[in-house]
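final.pdb follows; it contains PDB, C-alpha atoms.
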ATOM      1  CA  MET K  29    -164.333  -4.763  22.469
ATOM      2  CA  ALA K  30    -162.198  -1.658  21.864
ATOM      3  CA  VAL K  31    -164.179   1.562  21.984
ATOM      4  CA  GLY K  32    -161.680   4.030  20.531
ATOM      5  CA  ASN K  33    -163.347   3.864  17.130
ATOM      6  CA  LEU K  34    -166.591   2.109  18.012
ATOM      7  CA  VAL K  35    -169.249   2.886  15.384
ATOM      8  CA  LEU K  36    -172.973   2.927  16.094
ATOM      9  CA  ILE K  37    -175.148   2.040  13.115
ATOM     10  CA  ALA K  38    -178.556   3.400  14.038
ATOM     11  CA  ASN K  39    -180.412   1.716  11.205
ATOM     12  CA  ALA K  40    -179.679  -1.726   9.789
ATOM     13  CA  GLY K  41    -181.578  -1.249   6.533
ATOM     14  CA  ASP K  42    -180.032  -1.878   3.133
ATOM     15  CA  VAL K  43    -177.360   0.819   3.389
ATOM     16  CA  GLY K  44    -176.726   0.229   7.088
ATOM     17  CA  SER K  45    -176.286  -3.518   6.615
ATOM     18  CA  ALA K  46    -173.835  -2.918   3.773
ATOM     19  CA  VAL K  47    -171.923  -0.362   5.867
ATOM     20  CA  PHE K  48    -171.743  -2.890   8.699
ATOM     21  CA  GLY K  49    -170.258  -5.530   6.403
ATOM     22  CA  GLN K  50    -167.683  -3.140   4.983
ATOM     23  CA  LEU K  51    -166.592  -1.903   8.418
ATOM     24  CA  ARG K  52    -166.314  -5.385   9.899
ATOM     25  CA  ALA K  53    -164.235  -6.482   6.893
ATOM     26  CA  GLN K  54    -161.688  -3.914   8.098
ATOM     27  CA  ASP K  55    -162.013  -4.936  11.768
ATOM     28  CA  VAL K  56    -163.811  -1.750  12.822
ATOM     29  CA  PRO K  57    -165.910  -2.490  15.931
ATOM     30  CA  VAL K  58    -169.614  -1.953  15.260
ATOM     31  CA  ARG K  59    -172.706  -1.682  17.427
ATOM     32  CA  VAL K  60    -176.101  -1.871  15.724
ATOM     33  CA  LEU K  61    -179.311  -0.426  17.145
ATOM     34  CA  VAL K  62    -182.385  -2.494  16.255
ATOM     35  CA  ARG K  63    -186.020  -2.188  17.259
ATOM     36  CA  ARG K  64    -186.712  -5.929  17.487
ATOM     37  CA  ASP K  65    -184.615  -8.919  18.538
ATOM     38  CA  ASP K  66    -185.535 -10.932  15.460
ATOM     39  CA  ASP K  67    -183.786 -13.055  12.817
ATOM     40  CA  ARG K  68    -182.088  -9.989  11.351
ATOM     41  CA  ALA K  69    -180.648  -9.118  14.762
ATOM     42  CA  ALA K  70    -179.446 -12.697  15.196
ATOM     43  CA  GLY K  71    -177.815 -12.539  11.781
ATOM     44  CA  LEU K  72    -175.992  -9.331  12.701
ATOM     45  CA  ARG K  73    -174.693 -10.924  15.904
ATOM     46  CA  ALA K  74    -173.481 -13.928  13.933
ATOM     47  CA  ARG K  75    -171.539 -11.574  11.673
ATOM     48  CA  GLY K  76    -169.785  -9.882  14.596
ATOM     49  CA  ALA K  77    -172.039  -6.991  15.578
ATOM     50  CA  GLU K  78    -172.823  -5.904  19.092
ATOM     51  CA  VAL K  79    -176.621  -5.617  18.893
ATOM     52  CA  VAL K  80    -178.658  -3.382  21.195
ATOM     53  CA  LEU K  81    -182.419  -2.918  21.281
ATOM     54  CA  GLY K  82    -183.878   0.559  21.151
ATOM     55  CA  ASP K  83    -185.943   3.222  19.437
ATOM     56  CA  LEU K  84    -184.506   6.373  17.845
ATOM     57  CA  THR K  85    -187.487   8.416  19.042
ATOM     58  CA  ARG K  86    -186.775   7.564  22.703
ATOM     59  CA  PRO K  87    -183.909   9.518  24.334
ATOM     60  CA  GLU K  88    -183.096   6.799  26.851
ATOM     61  CA  SER K  89    -182.629   4.285  24.006
ATOM     62  CA  VAL K  90    -180.304   6.593  22.114
ATOM     63  CA  ALA K  91    -178.285   7.431  25.246
ATOM     64  CA  ALA K  92    -177.730   3.759  26.037
ATOM     65  CA  ALA K  93    -176.757   2.975  22.446
ATOM     66  CA  LEU K  94    -174.240   5.847  22.369
ATOM     67  CA  GLU K  95    -172.331   4.698  25.453
ATOM     68  CA  GLY K  96    -168.681   4.319  24.423
ATOM     69  CA  VAL K  97    -169.377   5.299  20.804
ATOM     70  CA  ALA K  98    -167.051   7.568  18.806
ATOM     71  CA  ARG K  99    -168.883   7.645  15.461
ATOM     72  CA  MET K 100    -172.475   7.238  14.406
ATOM     73  CA  TYR K 101    -174.414   6.499  11.233
ATOM     74  CA  PHE K 102    -177.946   7.898  11.525
ATOM     75  CA  ALA K 103    -180.700   6.859   9.113
ATOM     76  CA  MET K 104    -184.345   5.898   9.206
ATOM     77  CA  PRO K 105    -186.791   4.238   6.834
ATOM     78  CA  VAL K 106    -189.361   6.559   5.250
ATOM     79  CA  SER K 107    -191.339   7.648   8.300
ATOM     80  CA  PRO K 108    -193.349  10.611   9.611
ATOM     81  CA  ASP K 109    -191.167  10.285  12.761
ATOM     82  CA  HIS K 110    -187.981  11.209  10.890
ATOM     83  CA  LEU K 111    -187.706  14.733  12.284
ATOM     84  CA  LEU K 112    -188.546  13.602  15.826
ATOM     85  CA  ALA K 113    -185.836  10.939  15.677
ATOM     86  CA  THR K 114    -183.303  13.423  14.310
ATOM     87  CA  THR K 115    -184.041  15.882  17.085
ATOM     88  CA  VAL K 116    -183.738  13.179  19.760
ATOM     89  CA  VAL K 117    -180.445  11.929  18.308
ATOM     90  CA  ALA K 118    -178.998  15.446  18.021
ATOM     91  CA  SER K 119    -180.040  16.366  21.575
ATOM     92  CA  VAL K 120    -178.704  13.187  23.170
ATOM     93  CA  ALA K 121    -175.505  13.178  21.097
ATOM     94  CA  ARG K 122    -174.758  16.763  22.161
ATOM     95  CA  GLU K 123    -175.126  15.766  25.806
ATOM     96  CA  HIS K 124    -173.070  12.624  25.144
ATOM     97  CA  GLY K 125    -170.314  14.911  23.856
ATOM     98  CA  LYS K 126    -167.975  12.202  22.583
ATOM     99  CA  LEU K 127    -168.733  11.882  18.866
ATOM    100  CA  ASP K 128    -165.986  12.739  16.392
ATOM    101  CA  GLY K 129    -168.297  12.057  13.458
ATOM    102  CA  LEU K 130    -172.038  11.746  12.801
ATOM    103  CA  VAL K 131    -173.006  10.668   9.291
ATOM    104  CA  GLY K 132    -176.613  11.573   8.492
ATOM    105  CA  MET K 133    -178.530   9.925   5.647
ATOM    106  CA  SER K 134    -180.563  12.486   3.741
ATOM    107  CA  GLN K 135    -181.840  12.769   0.147
ATOM    108  CA  MET K 136    -180.441  14.614  -2.845
ATOM    109  CA  THR K 137    -183.708  16.448  -3.479
ATOM    110  CA  VAL K 138    -182.817  18.504  -0.387
ATOM    111  CA  SER K 139    -180.134  20.145  -2.556
ATOM    112  CA  GLN K 140    -182.910  21.695  -4.660
ATOM    113  CA  MET K 141    -185.120  22.801  -1.771
ATOM    114  CA  THR K 142    -185.598  26.042   0.141
ATOM    115  CA  ALA K 143    -187.217  26.846   3.463
ATOM    116  CA  THR K 144    -190.512  27.543   1.694
ATOM    117  CA  SER K 145    -190.559  25.207  -1.328
ATOM    118  CA  THR K 146    -193.682  23.048  -1.553
ATOM    119  CA  ALA K 147    -193.254  20.792  -4.590
ATOM    120  CA  GLU K 148    -191.515  18.035  -2.649
ATOM    121  CA  SER K 149    -192.900  15.163  -0.580
ATOM    122  CA  PHE K 150    -193.586  15.348   3.141
ATOM    123  CA  GLN K 151    -190.633  12.991   3.651
ATOM    124  CA  GLN K 152    -188.304  15.214   1.648
ATOM    125  CA  ARG K 153    -189.413  18.211   3.725
ATOM    126  CA  LEU K 154    -188.580  16.227   6.889
ATOM    127  CA  HIS K 155    -185.095  15.536   5.495
ATOM    128  CA  TRP K 156    -184.599  19.252   4.804
ATOM    129  CA  LEU K 157    -185.633  20.147   8.337
ATOM    130  CA  ALA K 158    -183.563  17.315   9.817
ATOM    131  CA  GLU K 159    -180.436  18.674   8.145
ATOM    132  CA  GLN K 160    -181.118  22.076   9.706
ATOM    133  CA  VAL K 161    -181.423  20.471  13.160
ATOM    134  CA  LEU K 162    -178.140  18.594  12.754
ATOM    135  CA  ASN K 163    -176.388  21.730  11.523
ATOM    136  CA  TRP K 164    -177.722  23.781  14.444
ATOM    137  CA  SER K 165    -176.625  21.085  16.906
ATOM    138  CA  GLY K 166    -172.947  21.887  16.429
ATOM    139  CA  LEU K 167    -172.156  18.176  16.141
ATOM    140  CA  PRO K 168    -169.421  16.985  13.731
ATOM    141  CA  VAL K 169    -171.891  16.189  10.944
ATOM    142  CA  VAL K 170    -171.461  14.839   7.418
ATOM    143  CA  HIS K 171    -174.598  14.840   5.233
ATOM    144  CA  ILE K 172    -175.050  12.045   2.682
ATOM    145  CA  ARG K 173    -177.572  12.890  -0.055
ATOM    146  CA  PRO K 174    -178.154  10.001  -2.473
ATOM    147  CA  THR K 175    -180.464  10.321  -5.444
ATOM    148  CA  SER K 176    -182.910   7.456  -6.099
ATOM    149  CA  PHE K 177    -181.428   3.994  -5.515
ATOM    150  CA  LEU K 178    -180.818   1.472  -8.289
ATOM    151  CA  ASP K 179    -181.966  -1.083  -5.713
ATOM    152  CA  ASN K 180    -185.334   0.676  -5.392
ATOM    153  CA  PRO K 181    -188.300  -1.627  -6.184
ATOM    154  CA  LEU K 182    -189.156   0.720  -9.089
ATOM    155  CA  PHE K 183    -185.985  -0.440 -10.848
ATOM    156  CA  THR K 184    -185.824  -3.984  -9.420
ATOM    157  CA  THR K 185    -189.011  -5.801  -8.348
ATOM    158  CA  LEU K 186    -191.451  -3.886 -10.563
ATOM    159  CA  ALA K 187    -189.059  -3.789 -13.506
ATOM    160  CA  ALA K 188    -188.350  -7.523 -13.233
ATOM    161  CA  ARG K 189    -192.075  -8.311 -13.220
ATOM    162  CA  SER K 190    -192.849  -6.303 -16.362
ATOM    163  CA  ILE K 191    -189.693  -7.449 -18.165
ATOM    164  CA  ARG K 192    -190.710 -11.087 -17.655
ATOM    165  CA  GLU K 193    -194.311 -10.401 -18.653
ATOM    166  CA  ASN K 194    -193.846  -8.292 -21.785
ATOM    167  CA  GLY K 195    -190.275  -7.044 -22.092
ATOM    168  CA  THR K 196    -190.976  -3.545 -20.784
ATOM    169  CA  ILE K 197    -190.186  -1.163 -17.946
ATOM    170  CA  ALA K 198    -193.433   0.693 -17.215
ATOM    171  CA  LEU K 199    -193.087   3.864 -15.139
ATOM    172  CA  PRO K 200    -194.605   7.374 -15.155
ATOM    173  CA  PHE K 201    -191.282   9.205 -15.688
ATOM    174  CA  GLY K 202    -192.003  10.642 -19.142
ATOM    175  CA  THR K 203    -188.845  12.019 -20.763
ATOM    176  CA  GLY K 204    -187.255  12.931 -17.434
ATOM    177  CA  ARG K 205    -183.667  11.919 -16.886
ATOM    178  CA  THR K 206    -182.277  10.107 -13.851
ATOM    179  CA  SER K 207    -178.978   8.790 -12.477
ATOM    180  CA  PRO K 208    -179.792   6.148  -9.837
ATOM    181  CA  VAL K 209    -177.025   5.033  -7.496
ATOM    182  CA  ALA K 210    -176.416   1.559  -6.071
ATOM    183  CA  VAL K 211    -176.830   0.930  -2.340
ATOM    184  CA  ALA K 212    -173.351  -0.603  -2.298
ATOM    185  CA  ASP K 213    -171.830   2.643  -3.597
ATOM    186  CA  VAL K 214    -173.630   4.741  -0.992
ATOM    187  CA  ALA K 215    -172.450   2.322   1.697
ATOM    188  CA  ARG K 216    -168.860   2.647   0.451
ATOM    189  CA  VAL K 217    -169.051   6.409   0.911
ATOM    190  CA  VAL K 218    -170.578   6.100   4.385
ATOM    191  CA  SER K 219    -168.064   3.505   5.583
ATOM    192  CA  THR K 220    -165.152   5.525   4.170
ATOM    193  CA  VAL K 221    -166.296   8.566   6.154
ATOM    194  CA  LEU K 222    -166.888   6.547   9.329
ATOM    195  CA  ARG K 223    -163.412   5.041   9.230
ATOM    196  CA  ASP K 224    -161.822   8.509   9.255
ATOM    197  CA  PRO K 225    -164.396  11.296   9.768
ATOM    198  CA  ALA K 226    -162.058  14.252  10.314
ATOM    199  CA  PRO K 227    -161.449  15.194   6.642
ATOM    200  CA  HIS K 228    -165.178  15.060   5.890
ATOM    201  CA  ILE K 229    -166.750  17.008   8.761
ATOM    202  CA  GLY K 230    -169.059  19.741   7.465
ATOM    203  CA  HIS K 231    -169.215  18.288   3.956
ATOM    204  CA  VAL K 232    -172.315  17.378   1.971
ATOM    205  CA  TYR K 233    -171.900  14.473  -0.451
ATOM    206  CA  GLU K 234    -174.404  14.200  -3.300
ATOM    207  CA  LEU K 235    -174.343  10.638  -4.600
ATOM    208  CA  THR K 236    -175.497   9.580  -8.062
ATOM    209  CA  GLY K 237    -174.685   7.072 -10.738
ATOM    210  CA  PRO K 238    -171.992   8.002 -13.284
ATOM    211  CA  ARG K 239    -174.349   9.644 -15.817
ATOM    212  CA  THR K 240    -177.944  10.677 -16.364
ATOM    213  CA  VAL K 241    -180.226   8.762 -18.719
ATOM    214  CA  ASP K 242    -183.821   9.039 -19.817
ATOM    215  CA  MET K 243    -185.969   5.967 -19.413
ATOM    216  CA  THR K 244    -185.503   4.878 -23.032
ATOM    217  CA  GLU K 245    -181.747   4.912 -22.476
ATOM    218  CA  MET K 246    -182.195   3.019 -19.210
ATOM    219  CA  ALA K 247    -184.207   0.355 -21.038
ATOM    220  CA  GLU K 248    -181.367   0.074 -23.559
ATOM    221  CA  GLU K 249    -178.920  -0.555 -20.720
ATOM    222  CA  PHE K 250    -181.240  -3.268 -19.384
ATOM    223  CA  SER K 251    -181.394  -4.777 -22.883
ATOM    224  CA  ARG K 252    -177.607  -5.009 -23.141
ATOM    225  CA  ALA K 253    -177.274  -6.416 -19.620
ATOM    226  CA  LEU K 254    -179.999  -9.047 -20.057
ATOM    227  CA  GLY K 255    -179.362  -9.975 -23.686
ATOM    228  CA  ARG K 256    -182.982  -9.455 -24.660
ATOM    229  CA  PRO K 257    -185.057  -6.473 -25.872
ATOM    230  CA  VAL K 258    -186.421  -4.202 -23.152
ATOM    231  CA  ALA K 259    -188.503  -1.107 -23.993
ATOM    232  CA  TYR K 260    -189.709   1.763 -21.848
ATOM    233  CA  VAL K 261    -193.471   2.317 -21.632
ATOM    234  CA  ASP K 262    -194.557   5.660 -20.217
ATOM    235  CA  VAL K 263    -197.600   5.351 -17.947
ATOM    236  CA  PRO K 264    -199.774   8.354 -16.994
ATOM    237  CA  LEU K 265    -198.901   9.331 -13.433
ATOM    238  CA  ASP K 266    -202.488   9.247 -12.112
ATOM    239  CA  GLN K 267    -203.075   5.833 -13.661
ATOM    240  CA  TRP K 268    -199.839   4.468 -12.186
ATOM    241  CA  ARG K 269    -200.616   5.860  -8.741
ATOM    242  CA  SER K 270    -204.185   4.526  -8.636
ATOM    243  CA  GLY K 271    -203.101   1.163 -10.026
ATOM    244  CA  VAL K 272    -199.576  -0.100  -9.322
ATOM    245  CA  LEU K 273    -198.832   2.113  -6.325
ATOM    246  CA  ALA K 274    -202.227   1.751  -4.646
ATOM    247  CA  LYS K 275    -202.015  -2.045  -4.916
ATOM    248  CA  ALA K 276    -198.721  -2.037  -2.987
ATOM    249  CA  GLY K 277    -200.636  -1.310   0.227
ATOM    250  CA  LEU K 278    -198.101   1.184   1.561
ATOM    251  CA  PRO K 279    -198.713   3.583   4.462
ATOM    252  CA  PRO K 280    -200.082   6.938   3.207
ATOM    253  CA  HIS K 281    -196.874   8.805   4.108
ATOM    254  CA  THR K 282    -194.750   6.348   2.086
ATOM    255  CA  GLU K 283    -197.179   6.276  -0.836
ATOM    256  CA  GLN K 284    -197.189  10.071  -1.031
ATOM    257  CA  HIS K 285    -193.397  10.108  -1.027
ATOM    258  CA  ILE K 286    -193.075   7.575  -3.861
ATOM    259  CA  ALA K 287    -195.770   9.285  -5.919
ATOM    260  CA  THR K 288    -193.937  12.590  -5.475
ATOM    261  CA  MET K 289    -190.648  11.006  -6.534
ATOM    262  CA  ALA K 290    -192.364   9.785  -9.701
ATOM    263  CA  ARG K 291    -193.766  13.255 -10.399
ATOM    264  CA  LEU K 292    -190.396  14.919  -9.813
ATOM    265  CA  HIS K 293    -188.790  12.437 -12.192
ATOM    266  CA  ARG K 294    -191.384  13.370 -14.794
ATOM    267  CA  GLU K 295    -190.594  17.053 -14.181
ATOM    268  CA  ASN K 296    -186.885  16.290 -14.768
ATOM    269  CA  ARG K 297    -185.900  17.118 -11.183
ATOM    270  CA  TYR K 298    -183.682  13.994 -11.076
ATOM    271  CA  ASP K 299    -181.471  15.084 -13.990
ATOM    272  CA  ARG K 300    -178.349  15.356 -11.876
ATOM    273  CA  ALA K 301    -174.942  13.663 -11.770
ATOM    274  CA  THR K 302    -171.890  14.085  -9.543
ATOM    275  CA  ASP K 303    -168.559  12.326  -9.086
ATOM    276  CA  ASP K 304    -168.790  12.354  -5.272
ATOM    277  CA  VAL K 305    -168.765   8.540  -5.003
ATOM    278  CA  GLU K 306    -165.425   8.365  -6.801
ATOM    279  CA  ARG K 307    -164.075  11.486  -5.095
ATOM    280  CA  VAL K 308    -164.669  10.014  -1.614
ATOM    281  CA  THR K 309    -163.889   6.341  -2.238
ATOM    282  CA  GLY K 310    -161.492   6.395  -5.192
ATOM    283  CA  LEU K 311    -163.781   4.135  -7.240
ATOM    284  CA  PRO K 312    -166.532   5.259  -9.642
ATOM    285  CA  ALA K 313    -170.208   4.549  -9.056
ATOM    286  CA  GLU K 314    -171.619   1.416 -10.682
ATOM    287  CA  ARG K 315    -173.227   1.727 -14.110
ATOM    288  CA  ILE K 316    -176.837   0.643 -14.638
ATOM    289  CA  GLU K 317    -175.821  -2.026 -17.151
ATOM    290  CA  ALA K 318    -173.296  -3.571 -14.739
ATOM    291  CA  PHE K 319    -175.804  -3.503 -11.862
ATOM    292  CA  VAL K 320    -178.449  -5.303 -13.928
ATOM    293  CA  ALA K 321    -175.998  -7.802 -15.446
ATOM    294  CA  ALA K 322    -174.900  -8.869 -11.958
ATOM    295  CA  ARG K 323    -178.573  -9.678 -11.195
ATOM    296  CA  LYS K 324    -179.546 -11.256 -14.511
ATOM    297  CA  ASP K 325    -181.216 -14.292 -12.920
ATOM    298  CA  PHE K 326    -183.313 -12.031 -10.689
ATOM    299  CA  TYR K 327    -184.615  -9.986 -13.627
ATOM    300  CA  LEU K 328    -185.262 -12.910 -15.968
ATOM    301  CA  GLY K 329    -186.532 -15.370 -13.362
TER     302      GLY K 329
END
Give the structure from the file, written as structure tokens.
Amino acid sequence: MAVGNLVLIANAGDVGSAVFGQLRAQDVPVRVLVRRDDDRAAGLRARGAEVVLGDLTRPESVAAALEGVARMYFAMPVSPDHLLATTVVASVAREHGKLDGLVGMSQMTVSQMTATSTAESFQQRLHWLAEQVLNWSGLPVVHIRPTSFLDNPLFTTLAARSIRENGTIALPFGTGRTSPVAVADVARVVSTVLRDPAPHIGHVYELTGPRTVDMTEMAEEFSRALGRPVAYVDVPLDQWRSGVLAKAGLPPHTEQHIATMARLHRENRYDRATDDVERVTGLPAERIEAFVAARKDFYLG
């Protein structure tokens, strides 16, 4: 395998898997770091990935994964270890000294934060700190800051359940506006940068859908896409957290993050829209109606 433009994908989650597929479609060599040699790892191998086992919080794992690598995509699931992993990656990558691009997955709420702000989740604070570490490292960094994902269970699994049951989307967002972005669009930005990092080094890309909507407008887009009435029902935040969210059985760190996202939506902190997806890739971000229409069977069952 050629190593001149070998890309390390350090997380094979939804975005990472999509980035992998887009890079391999253009014959870019890809190595994927996974924590377990399971069915997902086997699937990646079958699709042409070089798969290595490792842990982003362990320097020896990161060093081995970086051998021969020119570009890296760094991301983690929601985790209290996010800052530790970032610091390990930055330290080892500096010593490695061969990266011409490191794309870091952050969150758009970081754009609204300061060193002392306290309204955000613990996870969002870790993202803010992680960006500082990467900036201080002197590495050739590009920060990717998506807003909430259209593929998020809030807009997919939970919405599908309530739409089938009673034709509603029930969330605690009040009259707050939002502009969720599709995973595929975020992956297009990441893969575009990884194919040719030089023009993007030092940039921050804030990724959203094409326009902001309140939840009533979002329900209208669902209605058009599904061909049936869908209404928004506003749920009190405390009731939603103690009911729907508590029943999900998530780790406390993850639950606190999602509950904070819901509160920030209600406070209109997600009323933001950019054209960065189109500016980087040449194609606009997917509209809510188009996203839902492409998954009509999923939503209607």
>> Can you pull out the residues contacting Gly204 (chain K)? Cut-off 6 Å, using only C-alpha atoms, and skip same-chain residues under 4 positions away; I want them as a VMD selection string.
In response: chain K and resid 242 293 to 294 296
> Which protein, DNA or RNA residues have an atom at most 7 Å from (-175.0, 9.6, -5.8), counting only C-alpha atoms? List them as a list in words.
Replying inline: Pro174, Thr175, Val209, Val214, Glu234, Leu235, Thr236, Gly237, Thr302, Asp304 and Val305 of chain K
Since we have the selection now, will you write its residues out, keeping C-alpha atoms, as a compact mmCIF listing (two decimals), in the frame of the given file?
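Output file part_23.txt is given in full below:
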# COMPACT_ATOMS: atom_id res chain seq x y z
CA PRO K 174 -178.15 10.00 -2.47
CA THR K 175 -180.46 10.32 -5.44
CA VAL K 209 -177.02 5.03 -7.50
CA VAL K 214 -173.63 4.74 -0.99
CA GLU K 234 -174.40 14.20 -3.30
CA LEU K 235 -174.34 10.64 -4.60
CA THR K 236 -175.50 9.58 -8.06
CA GLY K 237 -174.68 7.07 -10.74
CA THR K 302 -171.89 14.08 -9.54
CA ASP K 304 -168.79 12.35 -5.27
CA VAL K 305 -168.76 8.54 -5.00
> Hey, what comes out of the PyMOL selection byres ((chain K and resi 245-248) around 12) on this file? Could you write it as a ChimeraX atom specification?
Replying inline: /K:178,183,187-188,190-191,195-199,201,203-208,239-244,249-262,315-320
> Suppose you want the space between CA of Gly230 (chain K) and CA of Val117 (chain K); what is it in Å?
Replying inline: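 Result for CA of Gly230 (chain K) versus CA of Val117 (chain K): 17.6 Å, one decimal.
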>> Going by the chain IDs and residue numbers used in this file, which residues fall under the PyMOL selection byres ((chain K and resi 51-59) around 8)? Write them as a PyMOL selection string.
In response: chain K and resi 29-31+33-37+47-50+60-61+76-80+93+219+223
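Distances from K:Val218, K:Ala321, K:Val106, K:Val169 to His281 (chain K) were compared using all atoms listed in the file, and the smallest one belongs to K:Val106.
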>> Taking 5 positions as the minimum chain separation for residues in the same chain, which residues sit within 12 Å of Thr142 (chain K) when counting all atoms listed in the file? Answer as a PyMOL selection string.
In response: chain K and resi 137+147-148+152-153+155-157+160
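Minimum atom-to-atom distance to Arg269 (chain K), evaluated using only C-alpha atoms, belongs to K:Ala287 out of K:Ala70, K:Leu127, K:Met136, K:Ala287.
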> For the atom pair CA of His231 (chain K) and CA of Gln140 (chain K), what is the interatomic distance in Å to one decimal place?
Replying inline: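 Distance reported for this atom pair: 16.5 Å.
In terms of minimum interatomic distance to Ile286 (chain K), K:Leu182 ranks closest within K:Leu182, K:Thr309, K:Pro264, K:Asp224, counting all atoms listed in the file.
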> Which residues match the PyMOL selection byres ((chain K and resi 102) around 12) in the file above, as a PyMOL selection string?
Replying inline: chain K and resi 35-41+43-44+47+60-61+84+90+94+99-101+103-105+110-111+113-118+121+129-134+158-159+162+169-172+218+222
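Here CA of Ser119 (chain K) stands at a distance of 28.5 Å from CA of Val308 (chain K).
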Enclose region 182-200 of chain K, meaning all of its atoms listed in the file, in a box aligned along x, y and z, pad it by 6 Å on each side, and list the centre and edge lengths in Å to one decimal, as JSON.
{"center_x": -190.2, "center_y": -1.9, "center_z": -15.2, "size_x": 20.8, "size_y": 30.5, "size_z": 25.7}
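Considering the residues K:Arg122, K:Arg192, K:Arg216, K:Arg68 and counting all atoms listed in the file, Trp164 (chain K) has its shortest atom-to-atom contact with K:Arg122.
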> Got a sec: who's within 7 Å of Ala91 (chain K), counting only C-alpha atoms, leaving out chain neighbours fewer than 4 positions off, as a PyMOL selection string?
Replying inline: chain K and resi 87+95+120
>> Measuring between all atoms listed in the file, which one of K:Gly202, K:Val217, K:Arg307, K:Leu278 shows the shortest distance to Val263 (chain K)?
In response: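 Distance minimum relative to Val263 (chain K) lands on K:Gly202.
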> Nearest to Val97 (chain K) among K:Pro200, K:His124, K:Gly82, K:Arg63, with distances taken over only C-alpha atoms: which residue is it?
Replying inline: K:His124
Can you put N, CA, C and O atoms back into region 255-266 of chain K and show it as a PDB file, in the coordinates of the input?
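To be explicit, this is the file written out as out.pdb:
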ATOM      1  N   GLY K 255    -179.443  -9.256 -22.413  1.00  0.00           N
ATOM      2  CA  GLY K 255    -179.362  -9.975 -23.686  1.00  0.00           C
ATOM      3  C   GLY K 255    -180.707 -10.225 -24.317  1.00  0.00           C
ATOM      4  O   GLY K 255    -180.881 -11.203 -25.043  1.00  0.00           O
ATOM      5  N   ARG K 256    -181.658  -9.348 -24.054  1.00  0.00           N
ATOM      6  CA  ARG K 256    -182.982  -9.455 -24.660  1.00  0.00           C
ATOM      7  C   ARG K 256    -183.582  -8.052 -24.758  1.00  0.00           C
ATOM      8  O   ARG K 256    -183.214  -7.159 -23.985  1.00  0.00           O
ATOM      9  N   PRO K 257    -184.499  -7.822 -25.708  1.00  0.00           N
ATOM     10  CA  PRO K 257    -185.057  -6.473 -25.872  1.00  0.00           C
ATOM     11  C   PRO K 257    -185.877  -6.043 -24.651  1.00  0.00           C
ATOM     12  O   PRO K 257    -186.691  -6.808 -24.133  1.00  0.00           O
ATOM     13  N   VAL K 258    -185.635  -4.813 -24.215  1.00  0.00           N
ATOM     14  CA  VAL K 258    -186.421  -4.202 -23.152  1.00  0.00           C
ATOM     15  C   VAL K 258    -186.772  -2.792 -23.620  1.00  0.00           C
ATOM     16  O   VAL K 258    -185.890  -2.040 -24.055  1.00  0.00           O
ATOM     17  N   ALA K 259    -188.048  -2.432 -23.547  1.00  0.00           N
ATOM     18  CA  ALA K 259    -188.503  -1.107 -23.993  1.00  0.00           C
ATOM     19  C   ALA K 259    -189.132  -0.365 -22.817  1.00  0.00           C
ATOM     20  O   ALA K 259    -189.681  -0.986 -21.890  1.00  0.00           O
ATOM     21  N   TYR K 260    -189.044   0.952 -22.857  1.00  0.00           N
ATOM     22  CA  TYR K 260    -189.709   1.763 -21.848  1.00  0.00           C
ATOM     23  C   TYR K 260    -191.115   2.109 -22.296  1.00  0.00           C
ATOM     24  O   TYR K 260    -191.341   2.532 -23.436  1.00  0.00           O
ATOM     25  N   VAL K 261    -192.086   1.923 -21.394  1.00  0.00           N
ATOM     26  CA  VAL K 261    -193.471   2.317 -21.632  1.00  0.00           C
ATOM     27  C   VAL K 261    -193.829   3.388 -20.614  1.00  0.00           C
ATOM     28  O   VAL K 261    -193.770   3.150 -19.398  1.00  0.00           O
ATOM     29  N   ASP K 262    -194.172   4.573 -21.105  1.00  0.00           N
ATOM     30  CA  ASP K 262    -194.557   5.660 -20.217  1.00  0.00           C
ATOM     31  C   ASP K 262    -196.020   5.499 -19.804  1.00  0.00           C
ATOM     32  O   ASP K 262    -196.901   5.339 -20.662  1.00  0.00           O
ATOM     33  N   VAL K 263    -196.255   5.526 -18.495  1.00  0.00           N
ATOM     34  CA  VAL K 263    -197.600   5.351 -17.947  1.00  0.00           C
ATOM     35  C   VAL K 263    -198.057   6.692 -17.373  1.00  0.00           C
ATOM     36  O   VAL K 263    -197.285   7.351 -16.667  1.00  0.00           O
ATOM     37  N   PRO K 264    -199.289   7.123 -17.633  1.00  0.00           N
ATOM     38  CA  PRO K 264    -199.774   8.354 -16.994  1.00  0.00           C
ATOM     39  C   PRO K 264    -199.645   8.266 -15.474  1.00  0.00           C
ATOM     40  O   PRO K 264    -199.957   7.226 -14.875  1.00  0.00           O
ATOM     41  N   LEU K 265    -199.187   9.351 -14.863  1.00  0.00           N
ATOM     42  CA  LEU K 265    -198.901   9.331 -13.433  1.00  0.00           C
ATOM     43  C   LEU K 265    -200.121   8.961 -12.602  1.00  0.00           C
ATOM     44  O   LEU K 265    -200.043   8.120 -11.693  1.00  0.00           O
ATOM     45  N   ASP K 266    -201.286   9.543 -12.891  1.00  0.00           N
ATOM     46  CA  ASP K 266    -202.488   9.247 -12.112  1.00  0.00           C
ATOM     47  C   ASP K 266    -202.875   7.779 -12.237  1.00  0.00           C
ATOM     48  O   ASP K 266    -203.289   7.148 -11.254  1.00  0.00           O
TER      49      ASP K 266
END
